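Quick look at input_33.cif (mmCIF, C-alpha atoms):
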data_model
loop_
_atom_site.group_PDB
_atom_site.id
_atom_site.type_symbol
_atom_site.label_atom_id
_atom_site.label_comp_id
_atom_site.auth_asym_id
_atom_site.auth_seq_id
_atom_site.Cartn_x
_atom_site.Cartn_y
_atom_site.Cartn_z
ATOM 1 C CA MET A 1 186.314 108.391 72.622
ATOM 2 C CA LYS A 2 186.879 110.725 75.551
ATOM 3 C CA VAL A 3 184.193 112.597 77.495
ATOM 4 C CA VAL A 4 185.430 116.176 77.896
ATOM 5 C CA GLU A 5 184.609 119.662 79.079
ATOM 6 C CA LEU A 6 184.867 122.137 76.212
ATOM 7 C CA LYS A 7 187.515 124.179 78.020
ATOM 8 C CA ASP A 8 189.763 121.099 77.874
ATOM 9 C CA LEU A 9 189.861 121.475 74.075
ATOM 10 C CA LYS A 10 190.511 125.215 73.840
ATOM 11 C CA ASN A 11 193.883 124.709 72.111
ATOM 12 C CA ILE A 12 192.869 121.768 69.925
ATOM 13 C CA PRO A 13 191.372 122.390 66.444
ATOM 14 C CA VAL A 14 188.115 120.457 66.118
ATOM 15 C CA SER A 15 185.407 119.669 63.615
ATOM 16 C CA ILE A 16 182.072 119.298 65.329
ATOM 17 C CA THR A 17 178.501 118.142 65.024
ATOM 18 C CA LEU A 18 175.708 118.731 67.513
ATOM 19 C CA GLY A 19 172.528 116.926 68.441
ATOM 20 C CA SER A 20 170.645 114.768 70.911
ATOM 21 C CA PHE A 21 171.499 111.615 68.923
ATOM 22 C CA ASP A 22 168.634 109.672 70.458
ATOM 23 C CA GLY A 23 167.531 107.007 68.067
ATOM 24 C CA PHE A 24 170.900 106.931 66.363
ATOM 25 C CA HIS A 25 170.038 105.871 62.811
ATOM 26 C CA LYS A 26 171.382 105.683 59.263
ATOM 27 C CA GLY A 27 170.994 109.439 58.804
ATOM 28 C CA HIS A 28 173.269 110.042 61.800
ATOM 29 C CA MET A 29 175.751 107.512 60.413
ATOM 30 C CA VAL A 30 176.136 109.590 57.246
ATOM 31 C CA LEU A 31 176.656 112.675 59.416
ATOM 32 C CA LEU A 32 179.404 111.019 61.455
ATOM 33 C CA LYS A 33 181.172 109.628 58.395
ATOM 34 C CA LYS A 34 181.210 113.139 56.939
ATOM 35 C CA LEU A 35 182.522 114.518 60.235
ATOM 36 C CA LYS A 36 185.392 112.015 60.227
ATOM 37 C CA ALA A 37 186.246 112.611 56.567
ATOM 38 C CA THR A 38 186.202 116.395 57.061
ATOM 39 C CA ALA A 39 188.428 116.212 60.139
ATOM 40 C CA ASP A 40 190.889 113.998 58.260
ATOM 41 C CA LEU A 41 191.099 116.611 55.500
ATOM 42 C CA ASN A 42 191.561 119.649 57.729
ATOM 43 C CA GLY A 43 193.717 117.975 60.364
ATOM 44 C CA SER A 44 191.367 118.473 63.289
ATOM 45 C CA GLY A 45 189.937 116.308 66.031
ATOM 46 C CA THR A 46 186.316 115.157 65.927
ATOM 47 C CA LEU A 47 183.925 116.419 68.590
ATOM 48 C CA ILE A 48 180.295 115.602 69.239
ATOM 49 C CA ILE A 49 178.287 117.975 71.398
ATOM 50 C CA SER A 50 175.173 116.313 72.740
ATOM 51 C CA PHE A 51 172.535 116.999 75.382
ATOM 52 C CA TYR A 52 171.561 115.210 78.559
ATOM 53 C CA PRO A 53 168.807 114.736 79.447
ATOM 54 C CA HIS A 54 166.973 114.744 76.114
ATOM 55 C CA PRO A 55 165.672 118.317 75.482
ATOM 56 C CA ARG A 56 162.077 117.199 75.052
ATOM 57 C CA GLN A 57 162.132 115.493 78.440
ATOM 58 C CA VAL A 58 162.894 118.909 79.946
ATOM 59 C CA ILE A 59 160.742 121.170 77.780
ATOM 60 C CA ASP A 60 157.703 118.897 77.552
ATOM 61 C CA SER A 61 157.933 116.692 80.636
ATOM 62 C CA GLU A 62 154.253 115.718 80.424
ATOM 63 C CA PHE A 63 154.893 114.012 77.067
ATOM 64 C CA ASN A 64 156.823 111.171 78.786
ATOM 65 C CA LEU A 65 159.270 110.716 75.934
ATOM 66 C CA LYS A 66 160.706 107.223 75.699
ATOM 67 C CA LEU A 67 164.228 106.956 74.344
ATOM 68 C CA LEU A 68 165.629 104.809 71.570
ATOM 69 C CA ASN A 69 169.177 104.999 72.920
ATOM 70 C CA ASP A 70 170.119 105.444 76.549
ATOM 71 C CA ILE A 71 173.423 107.110 77.367
ATOM 72 C CA ASP A 72 175.308 103.779 77.369
ATOM 73 C CA ASP A 73 173.955 102.925 73.901
ATOM 74 C CA LYS A 74 174.916 106.367 72.647
ATOM 75 C CA MET A 75 178.467 106.158 73.958
ATOM 76 C CA SER A 76 178.977 102.684 72.504
ATOM 77 C CA ILE A 77 177.666 103.618 69.051
ATOM 78 C CA LEU A 78 179.553 106.894 68.791
ATOM 79 C CA SER A 79 182.790 105.253 69.936
ATOM 80 C CA SER A 80 182.470 102.713 67.120
ATOM 81 C CA PHE A 81 182.731 105.556 64.591
ATOM 82 C CA GLY A 82 186.118 106.647 65.864
ATOM 83 C CA VAL A 83 184.949 109.952 67.342
ATOM 84 C CA ASP A 84 187.706 111.581 69.424
ATOM 85 C CA TYR A 85 185.681 113.594 71.936
ATOM 86 C CA ILE A 86 182.153 113.996 73.236
ATOM 87 C CA HIS A 87 180.755 116.732 75.430
ATOM 88 C CA PHE A 88 177.369 116.568 77.120
ATOM 89 C CA ILE A 89 175.571 119.845 77.708
ATOM 90 C CA SER A 90 173.417 119.639 80.823
ATOM 91 C CA PHE A 91 170.052 120.556 79.364
ATOM 92 C CA SER A 92 167.732 122.573 81.597
ATOM 93 C CA LYS A 93 164.855 125.022 81.186
ATOM 94 C CA ASP A 94 167.308 127.879 81.720
ATOM 95 C CA PHE A 95 169.562 126.538 78.988
ATOM 96 C CA ALA A 96 166.547 126.067 76.700
ATOM 97 C CA ALA A 97 165.972 129.849 76.913
ATOM 98 C CA THR A 98 169.324 130.565 75.233
ATOM 99 C CA GLY A 99 168.928 132.584 72.022
ATOM 100 C CA PHE A 100 170.086 130.986 68.768
ATOM 101 C CA ASP A 101 172.960 133.433 68.214
ATOM 102 C CA GLU A 102 174.059 133.306 71.856
ATOM 103 C CA PHE A 103 174.072 129.505 71.748
ATOM 104 C CA TYR A 104 176.888 129.295 69.219
ATOM 105 C CA GLU A 105 178.711 132.491 70.194
ATOM 106 C CA LYS A 106 178.804 131.783 73.931
ATOM 107 C CA ASN A 107 178.987 127.992 74.004
ATOM 108 C CA ILE A 108 181.014 127.181 70.903
ATOM 109 C CA PHE A 109 183.057 129.936 69.262
ATOM 110 C CA SER A 110 184.167 131.642 72.462
ATOM 111 C CA VAL A 111 185.583 128.346 73.758
ATOM 112 C CA LEU A 112 186.713 126.204 70.826
ATOM 113 C CA LYS A 113 189.009 126.432 67.808
ATOM 114 C CA VAL A 114 186.388 125.257 65.316
ATOM 115 C CA LYS A 115 187.488 124.273 61.811
ATOM 116 C CA SER A 116 184.214 122.864 60.487
ATOM 117 C CA ILE A 117 180.639 122.241 61.613
ATOM 118 C CA ILE A 118 178.655 119.391 60.073
ATOM 119 C CA ILE A 119 174.870 119.491 60.378
ATOM 120 C CA GLY A 120 171.761 117.861 58.972
ATOM 121 C CA GLU A 121 169.415 119.894 56.774
ATOM 122 C CA ASN A 122 166.836 120.184 59.551
ATOM 123 C CA HIS A 123 169.306 121.417 62.168
ATOM 124 C CA GLY A 124 167.570 123.698 64.667
ATOM 125 C CA PHE A 125 169.124 125.381 67.690
ATOM 126 C CA GLY A 126 168.535 127.983 70.357
ATOM 127 C CA ARG A 127 165.311 129.045 72.057
ATOM 128 C CA ASN A 128 162.298 127.431 70.349
ATOM 129 C CA ARG A 129 164.724 126.096 67.703
ATOM 130 C CA LYS A 130 164.578 129.453 65.929
ATOM 131 C CA GLY A 131 168.107 128.980 64.667
ATOM 132 C CA ASN A 132 168.388 127.183 61.315
ATOM 133 C CA SER A 133 171.055 126.286 58.774
ATOM 134 C CA GLU A 134 170.802 129.661 56.998
ATOM 135 C CA LEU A 135 171.343 131.623 60.218
ATOM 136 C CA LEU A 136 174.152 129.286 61.239
ATOM 137 C CA GLN A 137 175.800 129.885 57.860
ATOM 138 C CA GLU A 138 175.955 133.605 58.660
ATOM 139 C CA ILE A 139 177.458 132.937 62.099
ATOM 140 C CA CYS A 140 180.038 130.546 60.665
ATOM 141 C CA LYS A 141 181.020 133.001 57.923
ATOM 142 C CA LYS A 142 181.736 135.650 60.560
ATOM 143 C CA HIS A 143 184.128 133.243 62.277
ATOM 144 C CA SER A 144 185.656 131.814 59.058
ATOM 145 C CA VAL A 145 184.298 128.384 59.895
ATOM 146 C CA GLU A 146 183.270 125.902 57.213
ATOM 147 C CA LEU A 147 179.645 124.760 57.454
ATOM 148 C CA ILE A 148 178.781 121.464 55.768
ATOM 149 C CA LYS A 149 175.171 120.346 55.351
ATOM 150 C CA VAL A 150 174.338 116.664 55.004
ATOM 151 C CA GLU A 151 171.217 115.574 53.142
ATOM 152 C CA PRO A 152 168.697 113.430 55.052
ATOM 153 C CA VAL A 153 168.663 109.693 54.384
ATOM 154 C CA SER A 154 165.371 108.331 53.093
ATOM 155 C CA TYR A 155 163.610 105.022 53.467
ATOM 156 C CA LYS A 156 160.461 104.245 51.499
ATOM 157 C CA ASN A 157 160.271 107.787 50.096
ATOM 158 C CA ALA A 158 160.408 109.545 53.481
ATOM 159 C CA SER A 159 163.252 110.811 55.636
ATOM 160 C CA ILE A 160 164.422 108.489 58.374
ATOM 161 C CA SER A 161 163.609 109.980 61.763
ATOM 162 C CA SER A 162 163.521 108.942 65.403
ATOM 163 C CA THR A 163 159.750 109.420 65.391
ATOM 164 C CA ARG A 164 159.278 106.958 62.533
ATOM 165 C CA ILE A 165 161.495 104.435 64.292
ATOM 166 C CA ARG A 166 159.679 104.863 67.617
ATOM 167 C CA ASN A 167 156.361 104.222 65.892
ATOM 168 C CA CYS A 168 157.679 101.061 64.232
ATOM 169 C CA ILE A 169 158.983 99.705 67.544
ATOM 170 C CA ALA A 170 155.730 100.515 69.322
ATOM 171 C CA GLU A 171 153.969 98.436 66.637
ATOM 172 C CA GLY A 172 156.485 95.595 66.973
ATOM 173 C CA ASN A 173 157.713 96.216 63.422
ATOM 174 C CA PHE A 174 161.397 95.510 63.924
ATOM 175 C CA LEU A 175 162.088 94.619 60.309
ATOM 176 C CA GLU A 176 161.548 98.261 59.371
ATOM 177 C CA ALA A 177 162.821 99.791 62.626
ATOM 178 C CA ASN A 178 166.128 97.923 62.372
ATOM 179 C CA THR A 179 166.463 98.794 58.693
ATOM 180 C CA MET A 180 166.238 102.501 59.527
ATOM 181 C CA LEU A 181 168.481 102.186 62.578
ATOM 182 C CA GLY A 182 171.155 100.203 60.779
ATOM 183 C CA TYR A 183 171.412 97.786 63.728
ATOM 184 C CA GLU A 184 169.145 95.687 65.950
ATOM 185 C CA TYR A 185 167.145 97.585 68.552
ATOM 186 C CA SER A 186 167.788 96.337 72.076
ATOM 187 C CA LEU A 187 166.566 96.424 75.667
ATOM 188 C CA LYS A 188 168.647 95.386 78.633
ATOM 189 C CA GLY A 189 168.215 94.641 82.307
ATOM 190 C CA ILE A 190 169.120 92.503 85.277
ATOM 191 C CA VAL A 191 167.746 88.947 85.227
ATOM 192 C CA GLU A 192 165.208 88.434 88.021
ATOM 193 C CA LYS A 193 163.730 85.311 89.537
ATOM 194 C CA GLY A 194 160.243 84.651 88.191
ATOM 195 C CA LYS A 195 157.466 82.296 89.199
ATOM 196 C CA GLY A 196 159.147 79.355 87.467
ATOM 197 C CA ILE A 197 156.204 78.842 85.096
ATOM 198 C CA GLY A 198 158.415 78.730 82.023
ATOM 199 C CA LYS A 199 160.542 76.010 83.578
ATOM 200 C CA GLU A 200 157.421 74.023 84.449
ATOM 201 C CA LEU A 201 156.376 74.215 80.800
ATOM 202 C CA GLY A 202 159.830 73.046 79.725
ATOM 203 C CA PHE A 203 161.013 76.457 78.508
ATOM 204 C CA SER A 204 163.019 78.239 81.197
ATOM 205 C CA THR A 205 163.232 81.997 80.722
ATOM 206 C CA ALA A 206 165.483 84.900 81.689
ATOM 207 C CA ASN A 207 163.179 87.656 82.944
ATOM 208 C CA ILE A 208 163.905 91.379 83.080
ATOM 209 C CA SER A 209 161.483 94.004 84.344
ATOM 210 C CA MET A 210 160.307 96.695 81.932
ATOM 211 C CA GLU A 211 158.231 98.631 84.469
ATOM 212 C CA LYS A 212 160.744 101.487 84.688
ATOM 213 C CA SER A 213 162.216 101.311 81.207
ATOM 214 C CA GLU A 214 163.348 104.706 79.894
ATOM 215 C CA LYS A 215 163.505 103.234 76.404
ATOM 216 C CA VAL A 216 160.688 102.555 73.952
ATOM 217 C CA VAL A 217 159.114 99.143 74.472
ATOM 218 C CA PRO A 218 157.366 97.180 71.727
ATOM 219 C CA GLU A 219 153.782 96.081 71.399
ATOM 220 C CA LYS A 220 153.010 93.173 73.716
ATOM 221 C CA GLY A 221 153.889 90.009 71.894
ATOM 222 C CA VAL A 222 156.363 87.261 71.061
ATOM 223 C CA TYR A 223 159.582 88.066 69.195
ATOM 224 C CA LEU A 224 162.560 86.372 67.634
ATOM 225 C CA THR A 225 165.544 87.847 69.449
ATOM 226 C CA LYS A 226 169.269 87.648 70.028
ATOM 227 C CA VAL A 227 170.496 87.682 73.614
ATOM 228 C CA VAL A 228 173.898 88.904 74.749
ATOM 229 C CA VAL A 229 175.036 87.228 77.972
ATOM 230 C CA GLU A 230 178.520 87.894 79.358
ATOM 231 C CA GLY A 231 179.763 88.907 75.912
ATOM 232 C CA ALA A 232 178.375 85.861 74.077
ATOM 233 C CA GLU A 233 175.384 86.019 71.731
ATOM 234 C CA TYR A 234 172.560 83.488 71.471
ATOM 235 C CA PHE A 235 169.262 83.335 69.617
ATOM 236 C CA GLY A 236 166.036 83.110 71.559
ATOM 237 C CA VAL A 237 162.314 83.760 71.771
ATOM 238 C CA SER A 238 161.112 86.655 73.918
ATOM 239 C CA ASN A 239 157.683 87.502 75.235
ATOM 240 C CA TYR A 240 157.063 91.109 76.195
ATOM 241 C CA GLY A 241 153.958 91.671 78.273
ATOM 242 C CA GLN A 242 152.204 90.437 81.385
ATOM 243 C CA GLY A 243 151.740 86.717 80.693
ATOM 244 C CA PRO A 244 147.931 86.888 80.691
ATOM 245 C CA THR A 245 147.414 83.108 80.708
ATOM 246 C CA THR A 246 149.212 82.597 84.023
ATOM 247 C CA ALA A 247 149.123 86.101 85.566
ATOM 248 C CA GLY A 248 146.581 88.819 86.265
ATOM 249 C CA LYS A 249 146.058 92.009 84.276
ATOM 250 C CA ASP A 250 147.865 94.005 86.973
ATOM 251 C CA SER A 251 151.010 91.878 86.764
ATOM 252 C CA PRO A 252 154.276 93.772 86.059
ATOM 253 C CA LEU A 253 155.517 94.183 82.516
ATOM 254 C CA LEU A 254 158.274 91.672 81.826
ATOM 255 C CA LEU A 255 160.553 90.738 78.978
ATOM 256 C CA GLU A 256 160.815 86.940 79.281
ATOM 257 C CA THR A 257 163.356 85.250 77.044
ATOM 258 C CA HIS A 258 163.895 81.572 76.361
ATOM 259 C CA ILE A 259 167.531 81.404 75.262
ATOM 260 C CA PHE A 260 168.345 78.613 72.826
ATOM 261 C CA ASP A 261 171.149 76.170 73.668
ATOM 262 C CA PHE A 262 171.784 77.815 77.032
ATOM 263 C CA ASP A 263 171.490 76.432 80.562
ATOM 264 C CA LYS A 264 173.636 78.656 82.823
ATOM 265 C CA ASP A 265 172.419 80.352 85.999
ATOM 266 C CA ILE A 266 172.359 84.072 85.189
ATOM 267 C CA TYR A 267 170.157 85.455 87.962
ATOM 268 C CA GLY A 268 171.424 88.903 88.928
ATOM 269 C CA LYS A 269 173.392 89.345 85.710
ATOM 270 C CA GLU A 270 172.703 91.943 83.022
ATOM 271 C CA ILE A 271 171.597 90.740 79.599
ATOM 272 C CA THR A 272 170.871 92.599 76.375
ATOM 273 C CA VAL A 273 167.953 91.474 74.216
ATOM 274 C CA ARG A 274 168.129 92.447 70.530
ATOM 275 C CA PHE A 275 164.887 92.310 68.579
ATOM 276 C CA ILE A 276 164.792 90.771 65.101
ATOM 277 C CA GLU A 277 161.143 90.268 64.184
ATOM 278 C CA LYS A 278 157.697 89.793 65.653
ATOM 279 C CA ILE A 279 156.226 86.286 65.737
ATOM 280 C CA ARG A 280 152.749 87.023 67.121
ATOM 281 C CA THR A 281 150.846 89.270 69.513
ATOM 282 C CA GLU A 282 150.504 88.293 73.172
ATOM 283 C CA GLN A 283 147.482 86.080 73.791
ATOM 284 C CA LYS A 284 145.535 84.720 76.748
ATOM 285 C CA PHE A 285 144.992 81.001 76.259
ATOM 286 C CA PRO A 286 142.134 79.047 77.893
ATOM 287 C CA THR A 287 144.539 76.547 79.479
ATOM 288 C CA VAL A 288 148.213 76.250 80.336
ATOM 289 C CA GLY A 289 148.345 73.246 78.001
ATOM 290 C CA GLU A 290 147.307 75.382 75.052
ATOM 291 C CA LEU A 291 149.911 77.978 76.072
ATOM 292 C CA LYS A 292 152.574 75.270 75.977
ATOM 293 C CA ILE A 293 151.506 74.210 72.474
ATOM 294 C CA ALA A 294 151.677 77.842 71.317
ATOM 295 C CA VAL A 295 155.157 78.327 72.787
ATOM 296 C CA GLU A 296 156.348 75.129 71.067
ATOM 297 C CA LYS A 297 155.071 76.560 67.765
ATOM 298 C CA ASP A 298 156.809 79.888 68.491
ATOM 299 C CA ILE A 299 160.111 78.136 69.101
ATOM 300 C CA LYS A 300 159.771 75.987 65.989
ATOM 301 C CA PHE A 301 159.008 79.036 63.861
ATOM 302 C CA ALA A 302 161.859 81.023 65.446
ATOM 303 C CA LYS A 303 164.378 78.284 64.698
ATOM 304 C CA PHE A 304 163.187 78.143 61.102
ATOM 305 C CA GLN A 305 163.697 81.902 60.840
ATOM 306 C CA ILE A 306 167.148 81.646 62.403
ATOM 307 C CA ASN A 307 168.256 79.356 59.586
ATOM 308 C CA LYS A 308 166.992 81.944 57.109
ATOM 309 C CA TYR A 309 168.974 84.720 58.799
ATOM 310 C CA ARG A 310 172.097 82.595 59.030
ATOM 311 C CA GLY A 311 171.782 81.775 55.343
ATOM 312 C CA SER A 312 171.755 85.480 54.458
ATOM 313 C CA GLU A 313 174.890 86.311 56.478
#
Please lay out the structure from this file as structure tokens.
Amino acid sequence: MKVVELKDLKNIPVSITLGSFDGFHKGHMVLLKKLKATADLNGSGTLIISFYPHPRQVIDSEFNLKLLNDIDDKMSILSSFGVDYIHFISFSKDFAATGFDEFYEKNIFSVLKVKSIIIGENHGFGRNRKGNSELLQEICKKHSVELIKVEPVSYKNASISSTRIRNCIAEGNFLEANTMLGYEYSLKGIVEKGKGIGKELGFSTANISMEKSEKVVPEKGVYLTKVVVEGAEYFGVSNYGQGPTTAGKDSPLLLETHIFDFDKDIYGKEITVRFIEKIRTEQKFPTVGELKIAVEKDIKFAKFQINKYRGSE
């Protein structure tokens, strides 16, 4: 997949879809599969037009929106679907004031040779999202462009949405969040030196700071995870929180992961932690000894669960 300016494609027929694509989920997967199939039929390239930063971060900055996919996640996922091109519109308050008709006329049809546009049923565009699929149908008809609408994908009798997934992650409910995403939600960061408490307990950990995370973080607790280190994947147990038994309430938020069957020095290296399921909420134990017993139980339970997951592969 190639990152492009739209003017670079002025002589190339394209089929397109547009959106923020934060929280890329099973509904988006259906959209991209339809985009690829349509482009194969009409002999065009596939183009995704996305926005950066996320529109809500610009329009409603006080909301402090946390993302499900950062730009690296987005690029990796979209590339896996065989998309040819992606263009990022720099989203600003001035751009947000663009009228719905001007948005497509000025930014799309005046620049590109569009064969087809694929959208979800709830597609909204232009100032205050006043543009909808019916209005877009009229614009497309004027330009002899095919408009294809894709039905939303449901889970448990409700449409899958980024909001639903965010709420599940915030509750630590990764079984449902990952089901709606279609893959395991992840956080990543550079491994930092900690206080060495995990090693003293017999469970060394790889620690990454979550203080400045732009992505959604889960409820404080202990989780069964997979850890990607230098391209290799391992199972592990991760604690997200502040370690209340051994640290104060003002301690920084950390994601501390004990990686199974792993003993390499990875300080200063980036790791990716993929969440599978919650084991328990974070607790403050009366003594370090009781904390150690709890961690031993967490590890035992996690390894039991790993066998279950391996058996279902």
**Residue nearest Val153 (chain A) among A:Ser90, A:Asn128, A:Thr179, A:Gln242 (counting all atoms listed in the file)** =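 Closest residue, counting all atoms listed in the file: A:Thr179.
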**Request:** Enumerate, as a list in words, the residues matched when the PyMOL selection byres ((chain A and resi 3) around 8) is run on the file above.
**Result:**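 With the shown file as input, the PyMOL selection byres ((chain A and resi 3) around 8) matches Met1, Lys2, Val4, Glu5, Tyr85, Ile86, His87 and Phe88 of chain A.
Counting all atoms listed in the file, Leu6 (chain A) has the following residues at most 12 Å away, ignoring those fewer than 5 positions along the same chain: Asn11, Ile12, Pro13, Val14, Ile16, Leu47, Ile48, Ile49, Ser50, Tyr85, Ile86, His87, Phe88, Ile89, Lys106, Asn107, Ile108, Phe109, Ser110, Val111, Leu112, Lys113 and Val114 of chain A.
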**Request:** Up to 10 Å from (176.5, 110.8, 61.0) in the file's coordinates: name the residues, counting all atoms listed in the file, as a list in words.
**Result:**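 Residues lying no farther than 10 Å from the given point: Thr17, Phe21, Phe24, His25, Lys26, Gly27, His28, Met29, Val30, Leu31, Leu32, Lys33, Lys34, Leu35, Lys36, Leu78, Phe81, Ile118, Ile119, Gly120 and Val150 of chain A.
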Please produce a file of those selected residues containing C-alpha atoms, as a compact mmCIF listing (two decimals), in the coordinates of the input.
# COMPACT_ATOMS: atom_id res chain seq x y z
CA THR A 17 178.50 118.14 65.02
CA PHE A 21 171.50 111.62 68.92
CA PHE A 24 170.90 106.93 66.36
CA HIS A 25 170.04 105.87 62.81
CA LYS A 26 171.38 105.68 59.26
CA GLY A 27 170.99 109.44 58.80
CA HIS A 28 173.27 110.04 61.80
CA MET A 29 175.75 107.51 60.41
CA VAL A 30 176.14 109.59 57.25
CA LEU A 31 176.66 112.68 59.42
CA LEU A 32 179.40 111.02 61.46
CA LYS A 33 181.17 109.63 58.40
CA LYS A 34 181.21 113.14 56.94
CA LEU A 35 182.52 114.52 60.24
CA LYS A 36 185.39 112.02 60.23
CA LEU A 78 179.55 106.89 68.79
CA PHE A 81 182.73 105.56 64.59
CA ILE A 118 178.66 119.39 60.07
CA ILE A 119 174.87 119.49 60.38
CA GLY A 120 171.76 117.86 58.97
CA VAL A 150 174.34 116.66 55.00
**Request:** Return as a list of chain:residue names the set of residues that the PyMOL selection byres ((chain A and resi 205) around 6) yields on the displayed structure.
**Result:**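 Selection result, ordered by chain and number: A:Gly198, A:Ser204, A:Ala206, A:Glu256, A:Thr257, A:His258.
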**Request:** Extract, using all atoms listed in the file, all DNA, RNA and protein residues at most 10 Å from Leu175 (chain A), discarding same-chain residues fewer than 5 positions from it, and format them as a list in words.
**Result:**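 Near Leu175 (chain A), the qualifying residues are Cys168, Ile169, Met180, Glu184, Phe275, Ile276, Glu277 and Lys278 of chain A.
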**Prompt:** Could you work out how far CA of Leu255 (chain A) lies from CA of Gly231 (chain A), giving the answer in Å with one decimal?
**Reply:**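 Going from CA of Gly231 (chain A) over to CA of Leu255 (chain A), I get 19.5 Å.
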**Request:** Kindly provide, as a count of residues only, the polymer residues lying within 12 Å of (173.4, 130.9, 68.6), counting only C-alpha atoms and using the coordinates exactly as they appear in the file.
**Result:** 33
**Best match for closeness to Asn239 (chain A) among A:Gly172, A:Gly289, A:Gly182, A:Gly23, counting all atoms listed in the file** = A:Gly172
**Prompt:** Can you list, as a VMD selection string, every protein, DNA or RNA residue that comes within 7 Å of Val228 (chain A) when you count only C-alpha atoms, leaving out same-chain residues fewer than 5 positions away?
**Reply:** chain A and resid 233 to 234 271 to 273
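With all atoms listed in the file as the basis for measurement, A:Thr287 is the residue among A:Ser92, A:Asn173, A:Asn307, A:Thr287 that approaches Thr245 (chain A) most closely.
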Each residue of region 156-267 of chain A with at least one atom at most 10 Å from region 295-299 of chain A should appear once, together with its nearest atom pair and the corresponding distance in Å (one decimal); atoms considered: all atoms listed in the file; ordering: chain, then increasing residue number; output as a Markdown table.
| residue | atom | partner | partner_atom | distance |
| --- | --- | --- | --- | --- |
| A:Gly198 | CA | A:Val295 | CA | 9.8 |
| A:Leu201 | CA | A:Val295 | CA | 9.1 |
| A:Gly202 | CA | A:Glu296 | CA | 9.6 |
| A:Phe203 | CA | A:Val295 | CA | 8.4 |
| A:Val222 | CA | A:Asp298 | CA | 7.8 |
| A:Tyr223 | CA | A:Asp298 | CA | 8.7 |
| A:Leu224 | CA | A:Asp298 | CA | 8.7 |
| A:Gly236 | CA | A:Ile299 | CA | 8.1 |
| A:Val237 | CA | A:Ile299 | CA | 6.6 |
| A:Ser238 | CA | A:Asp298 | CA | 9.7 |
| A:Asn239 | CA | A:Val295 | CA | 9.8 |
| A:His258 | CA | A:Ile299 | CA | 8.9 |
| A:Phe260 | CA | A:Ile299 | CA | 9.0 |
List the residues matched by the PyMOL selection byres ((chain A and resi 64-74) around 6) in the displayed structure as a CSV table (one decimal) with C-alpha atoms, keeping the file's coordinate frame, ordered by chain and then by residue number.
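Output (out.csv):
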chain,number,residue,atom,x,y,z
A,22,ASP,CA,168.6,109.7,70.5
A,23,GLY,CA,167.5,107.0,68.1
A,61,SER,CA,157.9,116.7,80.6
A,62,GLU,CA,154.3,115.7,80.4
A,63,PHE,CA,154.9,114.0,77.1
A,75,MET,CA,178.5,106.2,74.0
A,76,SER,CA,179.0,102.7,72.5
A,77,ILE,CA,177.7,103.6,69.1
A,214,GLU,CA,163.3,104.7,79.9
A,215,LYS,CA,163.5,103.2,76.4
A,216,VAL,CA,160.7,102.6,74.0
So that I can look at just that part, could you write region 229-262 of chain A with C-alpha atoms, as a short mmCIF file (atom, residue, chain, number, x, y, z; two decimals), in the first residue's frame?
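Contents of the output file selection_32.cif:
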data_model
loop_
_atom_site.label_atom_id
_atom_site.label_comp_id
_atom_site.auth_asym_id
_atom_site.auth_seq_id
_atom_site.Cartn_x
_atom_site.Cartn_y
_atom_site.Cartn_z
CA VAL A 229 9.23 -9.16 20.85
CA GLU A 230 11.51 -8.70 17.83
CA GLY A 231 9.00 -10.46 15.59
CA ALA A 232 8.48 -13.49 17.86
CA GLU A 233 5.30 -14.08 19.86
CA TYR A 234 5.07 -15.36 23.44
CA PHE A 235 2.27 -15.78 25.95
CA GLY A 236 2.38 -13.88 29.21
CA VAL A 237 0.54 -12.31 32.12
CA SER A 238 0.20 -8.53 32.20
CA ASN A 239 -0.77 -6.19 34.99
CA TYR A 240 -2.09 -2.78 33.99
CA GLY A 241 -2.20 -0.26 36.79
CA GLN A 242 -0.06 1.26 39.51
CA GLY A 243 1.02 -1.77 41.55
CA PRO A 244 -0.78 -0.66 44.72
CA THR A 245 0.84 -3.28 46.97
CA THR A 246 4.38 -2.02 46.35
CA ALA A 247 3.79 1.53 45.07
CA GLY A 248 1.84 4.62 46.08
CA LYS A 249 -1.43 5.83 44.59
CA ASP A 250 0.43 8.52 42.64
CA SER A 251 2.72 6.02 40.93
CA PRO A 252 2.74 6.11 37.09
CA LEU A 253 0.45 3.85 35.12
CA LEU A 254 2.40 0.87 33.82
CA LEU A 255 1.75 -2.20 31.75
CA GLU A 256 3.94 -4.86 33.40
CA THR A 257 4.23 -8.16 31.58
CA HIS A 258 5.76 -11.42 32.75
CA ILE A 259 6.65 -13.18 29.50
CA PHE A 260 6.56 -16.97 29.64
CA ASP A 261 9.64 -18.95 28.59
CA PHE A 262 11.64 -15.79 27.94
#
